Amino acid sequence: MKEIRIHARAGQGAITTASLLGYAYFLKGMYPYAFPHFGAARMGAPMNAFVRVDTRPVRLRSQIYEPDYVLVMDPTLMRGFNCFSGLKENGVAVINEKDSSLLPKTNAKQKIFAVPATDIAMKTIGRPLGNTALIGAFAAATAELDLDTLIEVIKKRFSGKAQQGNIEAVKQGFDFIKKIR
Amino acid sequence: MKEFLEGSRAIAEVVKLCKPGVISAYPITPQTHIVEELASMVANGELSAQFVNVESEHSAASVVLGAQATGVRTFTATSSQGLFYMMEVLFNIAGMRLPLVLTCANRAISAPINIWNDQQDSISLRDSGWIQLYAENIQESADLHLIAYRLSEDKSIMLPTMVCMDGFILTHGMEAVDMPKQEEVDKFLPPYKPLYKLDTAEPLSMGLLADPDYYMETRFAIQETFKSLLKAIPQVNAEFKGVFGRDYGDGLVEEYYTKDAQKVIVAMGSVCGTIKEVVDAQRAKGKKVGLLKVISYRPFPYARVYDILKDVPRVAVLDKAVSLGAYAPLAVEVKAAFSGKQKAPRVVSSFVAGLGGRDITLESIKEIFLKLTQKEASLEFIDLKPELLTEEYGQ
């Protein structure tokens, strides 16, 4: 079983991110359970979305406390609380952050990647919604998912101009991590 | 075909396949996505039904009551305060023997206001004359709607069904769901033909005054029907398996490693999945533990619960609701199953967990097994924060 925890503010697309990741796992024949947890239930309030995935249907219904992977959609969340709490010893985190010098220090086996997802989104989609760039970066950072599956997911989920922009965002997020790995 | 769907979407899809003629609802978190999806299906012509927008849950329930009374299949969904606002009408629906189906997206009750999951809302409606079925996962939530319509509309039943699914956990969770085909649904669920209906050509009245000479028999009749439901639910589930291939046993309860168990937790809804994980882990260590999942809370399957648990030494009942001032609601039923019987567990301990969305983790379940000792726990709250009780609230 693999567990992904997404940190975001309500309205930044964390649920969409979880659902896109879940759908990508589903296309690979896995059994994902993607689910949100709302904090204050207000736009802008910190919230989490989760993906728990296994080779058989997931039965565990709790939130995720010891994730294999962490995605941070908004780096300002790292000021308030520890987004990496419980991250597995060999866990991977992908953060929407321009400045990699701002990344927190973690133990030797954990890997933390910064990707300028908002910048990529502004260039490709024209809106500050970095989730698809972050998903591309996640795939490259973890090798959990391949680019073709993600593109298939984007094609199912978006149409027209949004589809083109998001495919490009996924690719750029993916390539950004590929280059620095 | 398996699809990756949000729980609410799966419910909307399956309700569409049941072809209701009238849907009415008022939005409330976490029910909203279900009725939003249905509203758009009606608006874009995918579903040929009337979607009646109303100003409150009381009106939503009244609209589906009236529509169902004219002889059409109906649907509504709600949560929490919305369900309570419907309460008066819900008793009327059962009293008029109208077989409608309602989804309760389970949510805590105010005050304080809380949008998160527990089962206080539907549990509080346990005396309403509605059949109540509780789902563990999204697949089961969807399937229970098919079973619900089939059961309710059975001429020997004619009672409404409330399908209870945990809010957010199942309504907003996304999973792989095997969606039924229209042909299968049509085979399982024939078109609704009422025994009697409101018709200007053949006028009749429903829900009129029943004075002391008549009223008690209406309640007795419903109670008798609930007895027959204990046979009807297994029959309908057998037919369900025949058409769709999915097996929910007798549809009243699900046994999970109960046969040789020394300790069993009794629970309802999505928490049963979490309990199964703990049971597997403890079984791997040689510990004889199990789960008894209650699917049908009304009717309550006392005889089945007795048979399954009579030789189990220690039983824990996990409630996600309370009956303040008394024992917890599910625990009461489980204890009653052994009243006056020859055999009984030595201990039936009662635990309350997950109120107002407090997360029930693997640790919470392990703690319940750990606390299931020779000493009976009468209503112990799990994962309580004692520091909150000693601060300003305690003074």
# chains A, B, ... in the order shown; residues from 1 in each chain; ligands from 1
call {"tool": "residues_around", "arguments": {"residues": "region 56-64 of chain A", "least_positions_apart": "5", "cutoff": "9 Å", "atoms": "only C-alpha atoms", "output": "VMD selection string"}}
result
(chain A and resid 1 3 to 5 30 to 33 35 to 37 49 to 51 86) or (chain B and resid 136 to 137 169 175 to 176 270 to 277 359 to 362)
call {"tool": "residues_around", "arguments": {"residues": "region 91-100 of chain A", "least_positions_apart": "2", "cutoff": "6 Å", "atoms": "only C-alpha atoms", "output": "number ranges by chain"}}
result
A: 68-73, 87-89, 102-103, 110-117
call {"tool": "residues_around", "arguments": {"residues": "region 143-153 of chain A", "least_positions_apart": "3", "cutoff": "7 Å", "atoms": "only C-alpha atoms", "output": "list in words"}}
result
Leu20, Tyr23, Ala24, Ala139, Ala140, Lys156, Arg157 and Ile167 of chain A
call {"tool": "write_last_selection", "arguments": {"atoms": "C-alpha atoms", "output": "PDB file, in the first residue's frame"}}
result
ATOM      1  CA  LEU A  20      -6.269  12.871 -11.041  1.00  0.00           C
ATOM      2  CA  TYR A  23      -7.554   7.985 -11.715  1.00  0.00           C
ATOM      3  CA  ALA A  24      -4.007   7.460 -13.000  1.00  0.00           C
ATOM      4  CA  ALA A 139       5.555  11.200 -11.389  1.00  0.00           C
ATOM      5  CA  ALA A 140       9.174  12.082 -12.200  1.00  0.00           C
ATOM      6  CA  LYS A 156     -10.317  12.462 -19.842  1.00  0.00           C
ATOM      7  CA  ARG A 157     -10.681  15.244 -17.325  1.00  0.00           C
ATOM      8  CA  ILE A 167      -0.925  18.479 -20.744  1.00  0.00           C
TER       9      ILE A 167
END
call {"tool": "atom_distance", "arguments": {"atom1": "CA of Thr78 (chain B)", "atom2": "CA of Pro30 (chain B)"}}
result
8.2 Å
call {"tool": "residues_around", "arguments": {"residues": "region 372-374 of chain B", "least_positions_apart": "3", "cutoff": "7 Å", "atoms": "only C-alpha atoms", "output": "VMD selection string"}}
result
chain B and resid 314 316 347 349 368 to 369
call {"tool": "residues_around", "arguments": {"residues": "Ile177 (chain A)", "least_positions_apart": "3", "cutoff": "6 Å", "atoms": "only C-alpha atoms", "output": "list in words"}}
result
Ala137, Ala140, Phe174, Ile180 and Arg181 of chain A
call {"tool": "residues_around", "arguments": {"residues": "Val177 (chain B)", "least_positions_apart": "3", "cutoff": "9 Å", "atoms": "only C-alpha atoms", "output": "ChimeraX atom specification"}}
result
/B:1-5,7,10,138-139,142,174
call {"tool": "residues_around", "arguments": {"residues": "Met122 (chain A)", "least_positions_apart": "3", "cutoff": "12 Å", "atoms": "only C-alpha atoms", "output": "ChimeraX atom specification"}}
result
/A:116-119,125-133,165-166,168-169,172
call {"tool": "closest_residue", "arguments": {"among": "A:Leu77, A:Ile135, A:Val53, A:Ala121", "to": "Lys28 (chain A)", "atoms": "only C-alpha atoms"}}
result
A:Val53
call {"tool": "atom_distance", "arguments": {"atom1": "CA of Ala10 (chain A)", "atom2": "CA of Phe81 (chain A)"}}
result
16.1 Å
call {"tool": "select_by_dssp", "arguments": {"residues": "region 182-373 of chain B", "states": "alpha helix (DSSP H)", "output": "PyMOL selection string"}}
result
chain B and resi 182-188+215-244+271-284+302-309+329-336+362-371
